[in-house]
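Shown next: target_3.pdb, containing PDB, C-alpha atoms.
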```pdb
ATOM      1  CA  MET A   1      -9.435 -12.837  -4.820
ATOM      2  CA  PRO A   2      -6.844 -15.638  -5.207
ATOM      3  CA  PHE A   3      -4.685 -16.276  -2.169
ATOM      4  CA  THR A   4      -0.969 -15.548  -2.388
ATOM      5  CA  PHE A   5       1.814 -15.959   0.130
ATOM      6  CA  GLN A   6       2.991 -12.771   1.772
ATOM      7  CA  ARG A   7       6.572 -11.680   1.256
ATOM      8  CA  PRO A   8       8.864 -11.397   4.292
ATOM      9  CA  SER A   9      10.289  -7.958   4.937
ATOM     10  CA  ARG A  10      13.959  -7.168   5.486
ATOM     11  CA  SER A  11      13.372  -7.066   9.226
ATOM     12  CA  ASP A  12      11.773 -10.545   9.036
ATOM     13  CA  LEU A  13      14.850 -11.886   7.261
ATOM     14  CA  LEU A  14      17.092 -10.148   9.781
ATOM     15  CA  LEU A  15      15.210 -11.807  12.663
ATOM     16  CA  VAL A  16      15.681 -15.235  11.057
ATOM     17  CA  LEU A  17      19.388 -14.543  10.545
ATOM     18  CA  VAL A  18      19.921 -13.436  14.151
ATOM     19  CA  TYR A  19      17.968 -16.437  15.443
ATOM     20  CA  TRP A  20      20.114 -18.925  13.554
ATOM     21  CA  LEU A  21      23.348 -17.131  14.458
ATOM     22  CA  LEU A  22      22.428 -17.780  18.096
ATOM     23  CA  ALA A  23      20.710 -21.179  17.815
ATOM     24  CA  ALA A  24      22.732 -22.934  15.110
ATOM     25  CA  PRO A  25      26.019 -23.186  17.086
ATOM     26  CA  ILE A  26      24.190 -24.760  20.054
ATOM     27  CA  ILE A  27      22.326 -27.276  17.880
ATOM     28  CA  PHE A  28      25.470 -28.027  15.843
ATOM     29  CA  PHE A  29      27.484 -28.740  18.985
ATOM     30  CA  SER A  30      24.813 -31.227  20.079
ATOM     31  CA  TYR A  31      24.934 -32.981  16.691
ATOM     32  CA  LEU A  32      28.718 -32.951  16.796
ATOM     33  CA  GLN A  33      28.825 -34.691  20.166
ATOM     34  CA  GLN A  34      26.379 -37.397  19.059
ATOM     35  CA  PHE A  35      27.212 -38.068  15.413
ATOM     36  CA  GLY A  36      30.588 -36.532  14.587
ATOM     37  CA  LEU A  37      31.514 -33.816  12.113
ATOM     38  CA  GLY A  38      30.707 -35.799   8.962
ATOM     39  CA  ARG A  39      27.025 -36.045   9.865
ATOM     40  CA  ALA A  40      26.671 -32.909  11.996
ATOM     41  CA  ALA A  41      27.552 -30.470   9.192
ATOM     42  CA  PRO A  42      24.910 -31.534   6.625
ATOM     43  CA  THR A  43      22.343 -32.094   9.396
ATOM     44  CA  ILE A  44      22.598 -28.545  10.767
ATOM     45  CA  LEU A  45      22.169 -27.178   7.245
ATOM     46  CA  TYR A  46      19.109 -29.378   6.760
ATOM     47  CA  THR A  47      17.734 -28.233  10.135
ATOM     48  CA  ILE A  48      18.124 -24.567   9.246
ATOM     49  CA  GLY A  49      16.497 -25.032   5.843
ATOM     50  CA  LEU A  50      13.585 -27.217   6.981
ATOM     51  CA  ASP A  51      12.755 -25.210  10.114
ATOM     52  CA  THR A  52      12.899 -21.908   8.211
ATOM     53  CA  LEU A  53      10.653 -23.306   5.474
ATOM     54  CA  ALA A  54       8.158 -24.589   8.050
ATOM     55  CA  VAL A  55       7.974 -21.211   9.801
ATOM     56  CA  TYR A  56       7.598 -19.399   6.484
ATOM     57  CA  LEU A  57       4.669 -21.604   5.449
ATOM     58  CA  LEU A  58       2.979 -21.145   8.814
ATOM     59  CA  VAL A  59       3.513 -17.416   9.359
ATOM     60  CA  PHE A  60       3.314 -16.157   5.775
ATOM     61  CA  GLY A  61       0.868 -18.723   4.403
ATOM     62  CA  LEU A  62      -1.429 -20.475   6.864
ATOM     63  CA  LEU A  63      -1.761 -17.590   9.326
ATOM     64  CA  PRO A  64      -2.795 -15.003   6.666
ATOM     65  CA  LEU A  65      -5.112 -17.643   5.179
ATOM     66  CA  ALA A  66      -6.877 -17.977   8.532
ATOM     67  CA  LEU A  67      -6.962 -14.204   9.138
ATOM     68  CA  ALA A  68      -8.454 -13.660   5.667
ATOM     69  CA  ARG A  69     -11.561 -15.438   6.986
ATOM     70  CA  ARG A  70     -11.376 -18.216   4.454
ATOM     71  CA  SER A  71     -13.564 -21.278   4.922
ATOM     72  CA  ALA A  72     -12.642 -23.212   8.052
ATOM     73  CA  TRP A  73     -12.469 -26.349   5.899
ATOM     74  CA  VAL A  74      -9.950 -24.699   3.570
ATOM     75  CA  VAL A  75      -7.750 -23.654   6.489
ATOM     76  CA  LEU A  76      -8.039 -27.091   8.131
ATOM     77  CA  ALA A  77      -7.188 -28.885   4.883
ATOM     78  CA  ALA A  78      -4.172 -26.630   4.345
ATOM     79  CA  LEU A  79      -3.001 -27.294   7.904
ATOM     80  CA  VAL A  80      -3.349 -31.075   7.495
ATOM     81  CA  VAL A  81      -1.392 -31.007   4.216
ATOM     82  CA  PHE A  82       1.315 -28.898   5.864
ATOM     83  CA  VAL A  83       1.636 -31.192   8.893
ATOM     84  CA  VAL A  84       1.767 -34.371   6.808
ATOM     85  CA  LEU A  85       4.315 -33.084   4.289
ATOM     86  CA  ASP A  86       6.434 -31.436   6.969
ATOM     87  CA  ALA A  87       6.519 -34.623   9.064
ATOM     88  CA  HIS A  88       7.618 -36.717   6.100
ATOM     89  CA  LEU A  89      10.373 -34.258   5.164
ATOM     90  CA  TYR A  90      11.620 -34.310   8.745
ATOM     91  CA  TRP A  91      11.409 -38.118   9.005
ATOM     92  CA  LEU A  92      13.044 -38.741   5.631
ATOM     93  CA  GLY A  93      15.790 -36.118   5.941
ATOM     94  CA  TYR A  94      16.938 -36.986   9.439
ATOM     95  CA  GLY A  95      16.550 -40.692   8.756
ATOM     96  CA  LEU A  96      18.932 -40.478   5.796
ATOM     97  CA  LEU A  97      21.380 -38.148   7.547
ATOM     98  CA  LEU A  98      21.533 -39.646  11.037
ATOM     99  CA  ASP A  99      20.025 -43.142  11.108
ATOM    100  CA  GLU A 100      22.192 -46.007   9.955
ATOM    101  CA  LYS A 101      19.239 -48.384   9.811
ATOM    102  CA  PRO A 102      16.956 -48.621   6.728
ATOM    103  CA  LEU A 103      13.876 -46.422   6.874
ATOM    104  CA  HIS A 104      10.557 -48.090   7.648
ATOM    105  CA  TRP A 105       7.411 -46.001   7.421
ATOM    106  CA  ASN A 106       4.718 -46.347  10.079
ATOM    107  CA  ALA A 107       2.080 -44.059  11.556
ATOM    108  CA  GLY A 108       3.690 -44.067  15.000
ATOM    109  CA  SER A 109       7.000 -42.737  13.716
ATOM    110  CA  ILE A 110       5.232 -39.995  11.751
ATOM    111  CA  LEU A 111       3.258 -38.881  14.825
ATOM    112  CA  SER A 112       6.471 -38.843  16.842
ATOM    113  CA  THR A 113       8.146 -36.865  14.080
ATOM    114  CA  ILE A 114       5.368 -34.241  14.143
ATOM    115  CA  MET A 115       5.982 -33.634  17.851
ATOM    116  CA  ARG A 116       9.775 -33.463  17.511
ATOM    117  CA  HIS A 117       9.753 -31.058  14.576
ATOM    118  CA  THR A 118       7.148 -28.806  16.213
ATOM    119  CA  GLN A 119       9.571 -28.405  19.109
ATOM    120  CA  SER A 120      12.407 -27.788  16.658
ATOM    121  CA  TYR A 121      10.897 -24.791  14.875
ATOM    122  CA  GLY A 122       8.556 -23.679  17.659
ATOM    123  CA  MET A 123      10.740 -20.900  19.094
ATOM    124  CA  LEU A 124      11.467 -19.353  15.678
ATOM    125  CA  GLY A 125       7.763 -19.603  14.810
ATOM    126  CA  ILE A 126       6.744 -17.831  18.027
ATOM    127  CA  LEU A 127       9.280 -15.055  17.465
ATOM    128  CA  MET A 128       8.246 -14.551  13.846
ATOM    129  CA  ALA A 129       4.497 -14.637  14.548
ATOM    130  CA  GLY A 130       4.947 -12.163  17.405
ATOM    131  CA  LYS A 131       6.945  -9.822  15.211
ATOM    132  CA  ARG A 132       4.342  -9.987  12.457
ATOM    133  CA  TYR A 133       1.604  -9.189  14.974
ATOM    134  CA  PHE A 134       3.413  -6.071  16.158
ATOM    135  CA  ASP A 135       4.175  -5.080  12.549
ATOM    136  CA  VAL A 136       0.463  -5.297  11.683
ATOM    137  CA  GLN A 137      -0.467  -3.251  14.765
ATOM    138  CA  LYS A 138       2.123  -0.618  13.888
ATOM    139  CA  ARG A 139       0.937  -0.442  10.284
ATOM    140  CA  LEU A 140      -2.688  -0.143  11.401
ATOM    141  CA  LEU A 141      -1.779   2.698  13.768
ATOM    142  CA  GLN A 142       0.155   4.510  11.027
ATOM    143  CA  THR A 143      -2.773   4.112   8.634
ATOM    144  CA  GLN A 144      -5.202   5.503  11.201
ATOM    145  CA  GLN A 145      -2.900   8.455  11.873
ATOM    146  CA  ALA A 146      -2.535   9.190   8.159
ATOM    147  CA  GLN A 147      -6.310   8.932   7.739
ATOM    148  CA  THR A 148      -6.882  11.336  10.650
ATOM    149  CA  GLU A 149      -4.416  13.848   9.196
ATOM    150  CA  SER A 150      -6.124  13.575   5.816
ATOM    151  CA  GLU A 151      -9.541  14.188   7.375
ATOM    152  CA  LEU A 152      -8.208  17.259   9.152
ATOM    153  CA  ARG A 153      -6.824  18.648   5.894
ATOM    154  CA  ASN A 154     -10.112  17.951   4.116
ATOM    155  CA  LEU A 155     -11.998  19.831   6.815
ATOM    156  CA  LYS A 156      -9.506  22.686   6.531
ATOM    157  CA  ALA A 157      -9.935  22.776   2.752
ATOM    158  CA  GLN A 158     -13.707  22.904   3.172
ATOM    159  CA  LEU A 159     -13.417  25.892   5.523
ATOM    160  CA  ASP A 160     -10.302  27.546   4.094
ATOM    161  CA  PRO A 161     -11.217  31.263   4.038
ATOM    162  CA  HIS A 162      -8.930  31.993   1.067
ATOM    163  CA  PHE A 163     -10.498  29.211  -0.982
ATOM    164  CA  LEU A 164     -13.998  30.393  -0.104
ATOM    165  CA  PHE A 165     -13.147  34.073  -0.574
ATOM    166  CA  ASN A 166     -11.627  33.575  -4.029
ATOM    167  CA  ASN A 167     -14.505  31.478  -5.315
ATOM    168  CA  LEU A 168     -17.210  33.662  -3.781
ATOM    169  CA  ASN A 169     -15.606  36.689  -5.450
ATOM    170  CA  VAL A 170     -15.783  34.887  -8.794
ATOM    171  CA  LEU A 171     -19.395  33.945  -8.088
ATOM    172  CA  ARG A 172     -20.322  37.530  -7.200
ATOM    173  CA  GLY A 173     -18.866  38.777 -10.474
ATOM    174  CA  LEU A 174     -20.768  36.147 -12.436
ATOM    175  CA  ILE A 175     -24.053  37.004 -10.723
ATOM    176  CA  GLN A 176     -23.634  40.617 -11.829
ATOM    177  CA  HIS A 177     -22.614  39.903 -15.412
ATOM    178  CA  ASP A 178     -23.816  36.392 -16.316
ATOM    179  CA  PRO A 179     -26.523  34.915 -14.024
ATOM    180  CA  THR A 180     -26.794  31.748 -16.118
ATOM    181  CA  GLU A 181     -23.094  31.024 -15.785
ATOM    182  CA  ALA A 182     -23.293  31.945 -12.092
ATOM    183  CA  ASN A 183     -25.873  29.211 -11.602
ATOM    184  CA  GLU A 184     -23.585  26.674 -13.314
ATOM    185  CA  TYR A 185     -20.624  27.852 -11.237
ATOM    186  CA  LEU A 186     -22.579  27.455  -8.002
ATOM    187  CA  SER A 187     -23.659  23.960  -9.026
ATOM    188  CA  ARG A 188     -20.057  22.919  -9.722
ATOM    189  CA  PHE A 189     -18.927  24.483  -6.454
ATOM    190  CA  ALA A 190     -21.551  22.485  -4.562
ATOM    191  CA  ASN A 191     -20.544  19.266  -6.379
ATOM    192  CA  LEU A 192     -16.951  19.738  -5.259
ATOM    193  CA  TYR A 193     -17.910  20.044  -1.609
ATOM    194  CA  ARG A 194     -20.362  17.181  -1.887
ATOM    195  CA  PHE A 195     -17.507  14.945  -3.042
ATOM    196  CA  LEU A 196     -15.320  16.023  -0.107
ATOM    197  CA  ILE A 197     -18.056  15.308   2.398
ATOM    198  CA  ARG A 198     -19.104  11.995   0.833
ATOM    199  CA  HIS A 199     -15.601  10.563   0.702
ATOM    200  CA  LYS A 200     -13.980  12.110   3.768
ATOM    201  CA  ASP A 201     -13.947   8.701   5.538
ATOM    202  CA  ASP A 202     -12.994   6.589   2.493
ATOM    203  CA  ASP A 203      -9.575   5.096   1.838
ATOM    204  CA  PHE A 204     -10.290   4.635  -1.889
ATOM    205  CA  VAL A 205     -12.412   6.105  -4.669
ATOM    206  CA  THR A 206     -12.684   4.984  -8.274
ATOM    207  CA  LEU A 207     -10.633   6.823 -10.835
ATOM    208  CA  ALA A 208     -13.917   7.798 -12.529
ATOM    209  CA  GLU A 209     -15.056   9.577  -9.340
ATOM    210  CA  GLU A 210     -11.663  11.224  -8.870
ATOM    211  CA  LEU A 211     -11.676  12.533 -12.451
ATOM    212  CA  GLN A 212     -15.195  13.884 -12.027
ATOM    213  CA  PHE A 213     -14.061  15.699  -8.881
ATOM    214  CA  VAL A 214     -11.014  17.212 -10.556
ATOM    215  CA  ASP A 215     -13.193  18.318 -13.502
ATOM    216  CA  GLU A 216     -15.262  20.383 -11.052
ATOM    217  CA  TYR A 217     -12.067  21.769  -9.542
ATOM    218  CA  VAL A 218     -10.608  22.668 -12.949
ATOM    219  CA  TYR A 219     -13.875  24.402 -13.883
ATOM    220  CA  LEU A 220     -13.481  26.684 -10.854
ATOM    221  CA  LEU A 221      -9.814  27.295 -11.678
ATOM    222  CA  ARG A 222     -10.625  28.390 -15.224
ATOM    223  CA  HIS A 223     -12.948  31.074 -13.898
ATOM    224  CA  ARG A 224     -10.212  32.317 -11.568
ATOM    225  CA  PHE A 225      -7.217  32.156 -13.900
ATOM    226  CA  GLY A 226      -8.804  32.302 -17.338
ATOM    227  CA  ALA A 227      -6.722  30.557 -19.989
ATOM    228  CA  ALA A 228      -3.445  30.821 -18.051
ATOM    229  CA  TYR A 229      -3.513  27.069 -17.387
ATOM    230  CA  ALA A 230      -4.481  24.335 -19.837
ATOM    231  CA  PHE A 231      -5.384  20.734 -19.047
ATOM    232  CA  ARG A 232      -5.132  17.561 -21.066
ATOM    233  CA  GLN A 233      -6.173  14.032 -20.089
ATOM    234  CA  THR A 234      -4.974  10.721 -21.530
ATOM    235  CA  LEU A 235      -7.097   7.960 -20.045
ATOM    236  CA  PRO A 236      -7.895   4.256 -20.502
ATOM    237  CA  GLU A 237     -11.326   3.174 -21.748
ATOM    238  CA  ALA A 238     -14.316   4.421 -19.766
ATOM    239  CA  ALA A 239     -15.180   1.006 -18.298
ATOM    240  CA  ALA A 240     -11.729   0.694 -16.715
ATOM    241  CA  LEU A 241     -12.123   3.998 -14.883
ATOM    242  CA  HIS A 242     -14.733   2.406 -12.618
ATOM    243  CA  GLN A 243     -12.406  -0.509 -11.763
ATOM    244  CA  LEU A 244      -9.286   1.483 -10.905
ATOM    245  CA  LEU A 245      -8.871   2.887  -7.400
ATOM    246  CA  VAL A 246      -6.919   5.858  -6.030
ATOM    247  CA  VAL A 247      -6.755   7.793  -2.767
ATOM    248  CA  PRO A 248      -9.457  10.511  -2.639
ATOM    249  CA  GLY A 249      -8.238  13.987  -3.543
ATOM    250  CA  THR A 250      -5.077  12.787  -5.300
ATOM    251  CA  LEU A 251      -5.573  14.743  -8.525
ATOM    252  CA  GLN A 252      -6.895  17.847  -6.770
ATOM    253  CA  LEU A 253      -3.741  17.999  -4.625
ATOM    254  CA  LEU A 254      -1.366  17.476  -7.561
ATOM    255  CA  VAL A 255      -3.161  20.027  -9.758
ATOM    256  CA  GLU A 256      -3.293  22.494  -6.879
ATOM    257  CA  ASN A 257       0.462  22.108  -6.302
ATOM    258  CA  ALA A 258       1.165  22.654 -10.003
ATOM    259  CA  ILE A 259      -0.749  25.932 -10.024
ATOM    260  CA  LYS A 260       0.546  27.012  -6.633
ATOM    261  CA  HIS A 261       4.202  26.747  -7.638
ATOM    262  CA  ASN A 262       4.105  27.593 -11.370
ATOM    263  CA  ALA A 263       3.119  30.752 -13.205
ATOM    264  CA  GLY A 264       0.434  30.647 -15.882
ATOM    265  CA  ASP A 265       0.216  32.854 -18.961
ATOM    266  CA  GLU A 266      -2.827  33.341 -21.186
ATOM    267  CA  ASP A 267      -0.578  33.872 -24.214
ATOM    268  CA  ALA A 268       1.370  30.672 -23.470
ATOM    269  CA  PRO A 269      -0.711  28.582 -21.043
ATOM    270  CA  LEU A 270       1.026  26.138 -18.728
ATOM    271  CA  LEU A 271      -0.114  22.694 -19.839
ATOM    272  CA  ILE A 272      -0.922  20.286 -16.999
ATOM    273  CA  GLU A 273      -1.247  16.718 -18.278
ATOM    274  CA  ILE A 274      -3.153  13.980 -16.487
ATOM    275  CA  GLN A 275      -2.342  10.473 -17.723
ATOM    276  CA  ALA A 276      -3.697   7.153 -16.479
ATOM    277  CA  SER A 277      -3.148   3.475 -17.222
ATOM    278  CA  ASP A 278      -4.109   0.208 -15.541
ATOM    279  CA  THR A 279      -1.171   0.532 -13.144
ATOM    280  CA  GLU A 280      -0.458   4.226 -12.554
ATOM    281  CA  LEU A 281      -1.764   7.783 -12.628
ATOM    282  CA  SER A 282       0.464  10.773 -13.316
ATOM    283  CA  VAL A 283       0.328  14.566 -13.393
ATOM    284  CA  GLN A 284       3.094  16.396 -15.244
ATOM    285  CA  HIS A 285       3.890  19.912 -16.431
ATOM    286  CA  LEU A 286       6.757  22.173 -17.402
ATOM    287  CA  ARG A 287       8.421  24.082 -14.583
ATOM    288  CA  ARG A 288       7.719  27.813 -14.506
ATOM    289  CA  PRO A 289       8.562  28.942 -10.962
ATOM    290  CA  LYS A 290       6.643  32.004  -9.828
ATOM    291  CA  LEU A 291       8.669  35.152  -9.329
ATOM    292  CA  THR A 292       7.370  35.518  -5.788
ATOM    293  CA  PRO A 293       8.469  32.586  -3.585
ATOM    294  CA  VAL A 294       5.591  30.375  -2.503
ATOM    295  CA  ASP A 295       5.191  29.640   1.183
ATOM    296  CA  SER A 296       4.791  25.859   1.338
ATOM    297  CA  THR A 297       5.531  23.192   3.946
ATOM    298  CA  GLY A 298       5.273  20.266   1.513
ATOM    299  CA  LEU A 299       3.040  18.389   3.943
ATOM    300  CA  GLY A 300       0.329  17.734   1.353
ATOM    301  CA  LEU A 301       2.514  15.659  -0.964
ATOM    302  CA  ALA A 302       4.328  14.037   1.963
ATOM    303  CA  ASN A 303       1.057  12.864   3.485
ATOM    304  CA  LEU A 304      -0.218  11.612   0.135
ATOM    305  CA  ARG A 305       3.010   9.656  -0.271
ATOM    306  CA  GLU A 306       2.519   8.084   3.161
ATOM    307  CA  ARG A 307      -1.101   7.114   2.493
ATOM    308  CA  TYR A 308      -0.160   5.352  -0.748
ATOM    309  CA  ARG A 309       2.690   3.560   0.987
ATOM    310  CA  LEU A 310       0.439   2.316   3.781
ATOM    311  CA  LEU A 311      -2.723   1.566   1.798
ATOM    312  CA  PHE A 312      -1.254   0.372  -1.512
ATOM    313  CA  GLY A 313       2.112  -0.913  -0.332
ATOM    314  CA  ARG A 314       3.778   1.097  -3.096
ATOM    315  CA  GLU A 315       5.598   4.412  -3.364
ATOM    316  CA  ILE A 316       4.754   7.641  -5.165
ATOM    317  CA  LYS A 317       7.416   8.595  -7.708
ATOM    318  CA  VAL A 318       8.459  12.236  -8.095
ATOM    319  CA  GLU A 319      10.457  12.984 -11.246
ATOM    320  CA  ALA A 320      11.835  16.523 -11.088
ATOM    321  CA  THR A 321      14.205  18.081 -13.593
ATOM    322  CA  ALA A 322      15.092  21.689 -14.344
ATOM    323  CA  ALA A 323      12.519  21.728 -17.148
ATOM    324  CA  GLN A 324       9.730  19.384 -16.026
ATOM    325  CA  PHE A 325       7.944  18.090 -12.930
ATOM    326  CA  ARG A 326       6.041  14.783 -12.834
ATOM    327  CA  VAL A 327       4.348  12.870 -10.035
ATOM    328  CA  VAL A 328       3.322   9.231 -10.573
ATOM    329  CA  VAL A 329       0.993   7.437  -8.160
ATOM    330  CA  PRO A 330      -0.046   3.760  -8.252
ATOM    331  CA  VAL A 331      -3.595   2.609  -8.953
ATOM    332  CA  LEU A 332      -5.262  -0.663  -7.993
ATOM    333  CA  ARG A 333      -7.955  -2.834  -9.477
ATOM    334  CA  GLN A 334     -11.031  -3.058  -7.221
ATOM    335  CA  ALA A 335     -10.597  -6.809  -6.737
ATOM    336  CA  ARG A 336      -7.189  -6.228  -5.137
ATOM    337  CA  ALA A 337      -8.118  -3.354  -2.861
ATOM    338  CA  TRP A 338      -8.439  -3.520   0.918
ATOM    339  CA  SER A 339      -9.413  -0.989   3.549
ATOM    340  CA  ALA A 340      -7.554  -0.078   6.667
ATOM    341  CA  ALA A 341     -10.799   0.807   8.398
TER     342      ALA A 341
END
```
Once you've parsed the file, please lay out its structure as structure tokens.
Amino acid sequence: MPFTFQRPSRSDLLLVLVYWLLAAPIIFFSYLQQFGLGRAAPTILYTIGLDTLAVYLLVFGLLPLALARRSAWVVLAALVVFVVLDAHLYWLGYGLLLDEKPLHWNAGSILSTIMRHTQSYGMLGILMAGKRYFDVQKRLLQTQQAQTESELRNLKAQLDPHFLFNNLNVLRGLIQHDPTEANEYLSRFANLYRFLIRHKDDDFVTLAEELQFVDEYVYLLRHRFGAAYAFRQTLPEAAALHQLLVVPGTLQLLVENAIKHNAGDEDAPLLIEIQASDTELSVQHLRRPKLTPVDSTGLGLANLRERYRLLFGREIKVEATAAQFRVVVPVLRQARAWSAA
């Protein structure tokens, strides 16, 4: 996977702003005493820009490069390039702004420059690196908590007495009237639970696996509700389905919510559409609120939203109007995925 620089968050930018609001006046006063206003003003601006750039390259470039377990030679080469370029920018900029004598390059002055500029941006670098460390720890903890909550819900779904009771009732009726179909129903029922057990510890599954799971789920629903609900899928080519990743149980939750909150009718089935592309997956349907209010805490969708935010770095979109309801979740290519485990 090609390396890219991380983007600073708003809190990162706020930390930089606060740092310079405190440090810049002190540094500017020092320049003012030594060189006068004419040189102090452009020099403090150059200091802010160069030090901030140096910290950005270190914290958002070199540090992630090292943590990504890249080759030690790659990291070392990147560090050498950074040090050399940074030293020359410092030497050239301050030489032009503050030194009245012509510039003369030599190795000794560059080595001295490296030491001086390291001291210049060192405090900001320490603050930023420390903040990033705590941000990563916080994000890891949130991911683990979301994963634990998801596992608990999966276990609950596996043992939910209402879910078992409803499907066992259907199975009993099939055994009495259509043993062949009962055997197929039992096989699909077992496949559904096998998926839950197999992927209960996974952060991601392929879209192909998720669609196979929801097919088993829809098969069970059709035996419970008949033709009251209809399903339609619009999908990319089959090969892409094995490259696209989603959170396990995404479609099952969204389909379950659609049926839970909306009335079906065999004469005019409620159409639930599943659409997928290389960048997103959506479930949409018309709104037909059930006459009897549904007791729901909304925790399922809220937790799914949090897992996508933590694992994918993107948000779920909920588009609700008086006539239609649509949920859009992001998908990732396998090469870009990572695990919080």
Selection under test: the PyMOL selection byres ((chain A and resi 219-227) around 8); residues as a compact mmCIF listing (two decimals) with C-alpha atoms, in the coordinates of the input:
```
# COMPACT_ATOMS: atom_id res chain seq x y z
CA ASN A 166 -11.63 33.58 -4.03
CA ASN A 167 -14.50 31.48 -5.32
CA VAL A 170 -15.78 34.89 -8.79
CA TYR A 185 -20.62 27.85 -11.24
CA ARG A 188 -20.06 22.92 -9.72
CA PHE A 189 -18.93 24.48 -6.45
CA ASP A 215 -13.19 18.32 -13.50
CA GLU A 216 -15.26 20.38 -11.05
CA TYR A 217 -12.07 21.77 -9.54
CA VAL A 218 -10.61 22.67 -12.95
CA ALA A 228 -3.44 30.82 -18.05
CA TYR A 229 -3.51 27.07 -17.39
CA ALA A 230 -4.48 24.34 -19.84
CA ASP A 265 0.22 32.85 -18.96
CA GLU A 266 -2.83 33.34 -21.19
CA PRO A 269 -0.71 28.58 -21.04
```
What lies within 9 Å of Phe231 in chain A using only C-alpha atoms, ignoring chain neighbours under 3 positions off, as a PyMOL selection string?
chain A and resi 218+270-274
Applied to the shown file, which residues does the PyMOL selection byres ((chain A and resi 182) around 12) return, written as an MDAnalysis selection string?
chainID A and resid 167:181 183:189 220 223
Please measure the separation of CA of Leu124 in chain A and CA of Val80 in chain A, giving the value in Å to one decimal.
20.6 Å
With distances taken over all atoms listed in the file, which residue among A:Gly313, A:Arg194, A:Val331, A:Val318 lies nearest Leu241 in chain A?
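Among the listed residues, the smallest separation from Leu241 in chain A belongs to A:Val331.
When the PyMOL selection byres ((chain A and resi 206) around 7) is evaluated against the file, it yields Phe204, Val205, Leu207, Ala208, Glu209, Glu210, Leu241, His242, Gln243, Leu244, Leu245 and Val246 of chain A.
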Selected residues, C-alpha atoms, written as a short mmCIF file (atom, residue, chain, number, x, y, z; two decimals), keeping the file's coordinate frame, please.
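And here is the file that came out, selection-v9.cif:
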```cif
data_model
loop_
_atom_site.label_atom_id
_atom_site.label_comp_id
_atom_site.auth_asym_id
_atom_site.auth_seq_id
_atom_site.Cartn_x
_atom_site.Cartn_y
_atom_site.Cartn_z
CA PHE A 204 -10.29 4.64 -1.89
CA VAL A 205 -12.41 6.10 -4.67
CA LEU A 207 -10.63 6.82 -10.84
CA ALA A 208 -13.92 7.80 -12.53
CA GLU A 209 -15.06 9.58 -9.34
CA GLU A 210 -11.66 11.22 -8.87
CA LEU A 241 -12.12 4.00 -14.88
CA HIS A 242 -14.73 2.41 -12.62
CA GLN A 243 -12.41 -0.51 -11.76
CA LEU A 244 -9.29 1.48 -10.90
CA LEU A 245 -8.87 2.89 -7.40
CA VAL A 246 -6.92 5.86 -6.03
#
```
So the first atom is CA of Asp201 in chain A and the second is CA of Arg139 in chain A; what is the distance between them in Å, to one decimal place?
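It comes out at 18.1 Å.
Residue nearest Thr52 in chain A within the list A:Lys290, A:His117, A:Lys101, A:Arg305: A:His117 [criterion: smallest interatomic distance, all atoms listed in the file].
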Interatomic distance between CA of Gln233 in chain A and CA of Leu281 in chain A?
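Result for CA of Gln233 in chain A versus CA of Leu281 in chain A: 10.7 Å, one decimal.
By all atoms listed in the file, and with residues fewer than 3 positions from Thr250 in chain A along its chain excluded, the set lying at most 9 Å from it is Glu210, Val246, Val247, Leu253, Leu254, Val255, Leu304 and Val329 of chain A.
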Taking 6 positions as the minimum chain separation for residues in the same chain, which residues sit within 12 Å of Leu79 in chain A when counting all atoms listed in the file? Answer as a list in words.
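In the requested form, the answer reads Ala54, Leu57, Leu58, Val59, Gly61, Leu62, Leu63, Leu65, Ala66, Ala72, Trp73, Leu85 and Asp86 of chain A.
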Write the residues of the selection above to a file with C-alpha atoms, as a compact mmCIF listing (two decimals), in the frame of the given file.
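Dumped to part.txt:
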```
# COMPACT_ATOMS: atom_id res chain seq x y z
CA ALA A 54 8.16 -24.59 8.05
CA LEU A 57 4.67 -21.60 5.45
CA LEU A 58 2.98 -21.14 8.81
CA VAL A 59 3.51 -17.42 9.36
CA GLY A 61 0.87 -18.72 4.40
CA LEU A 62 -1.43 -20.48 6.86
CA LEU A 63 -1.76 -17.59 9.33
CA LEU A 65 -5.11 -17.64 5.18
CA ALA A 66 -6.88 -17.98 8.53
CA ALA A 72 -12.64 -23.21 8.05
CA TRP A 73 -12.47 -26.35 5.90
CA LEU A 85 4.32 -33.08 4.29
CA ASP A 86 6.43 -31.44 6.97
```
For Val18 in chain A, please output as an MDAnalysis selection string all residues within 12 Å (counting all atoms listed in the file; exclusion window: fewer than 5 positions along the same chain).
chainID A and resid 11:13 23:25 124 127:128
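The nearest approach to Leu97 in chain A among the residues A:Ala78, A:Leu299, A:Leu141, A:Ala40, with all atoms listed in the file taken into account, belongs to A:Ala40.
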Do you know which residues are at most 12 Å from Phe35 in chain A counting all atoms listed in the file, after dropping those on the same chain fewer than 6 positions away, and could you put them as a list in words?
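Everything that qualifies: Phe28, Phe29, Ala41, Pro42, Thr43, Ile44, Tyr94, Leu97, Leu98, Asp99 and Glu100 of chain A.
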Would you compute the box with edges along x, y and z of the file around range 139-143 of chain A, including every atom the file lists for it and 4 Å extra on each side, and give its centre and edge lengths in Å to one decimal, as JSON?
```
{"center_x": -0.9, "center_y": 2.0, "center_z": 11.2, "size_x": 11.7, "size_y": 13.0, "size_z": 13.1}
```
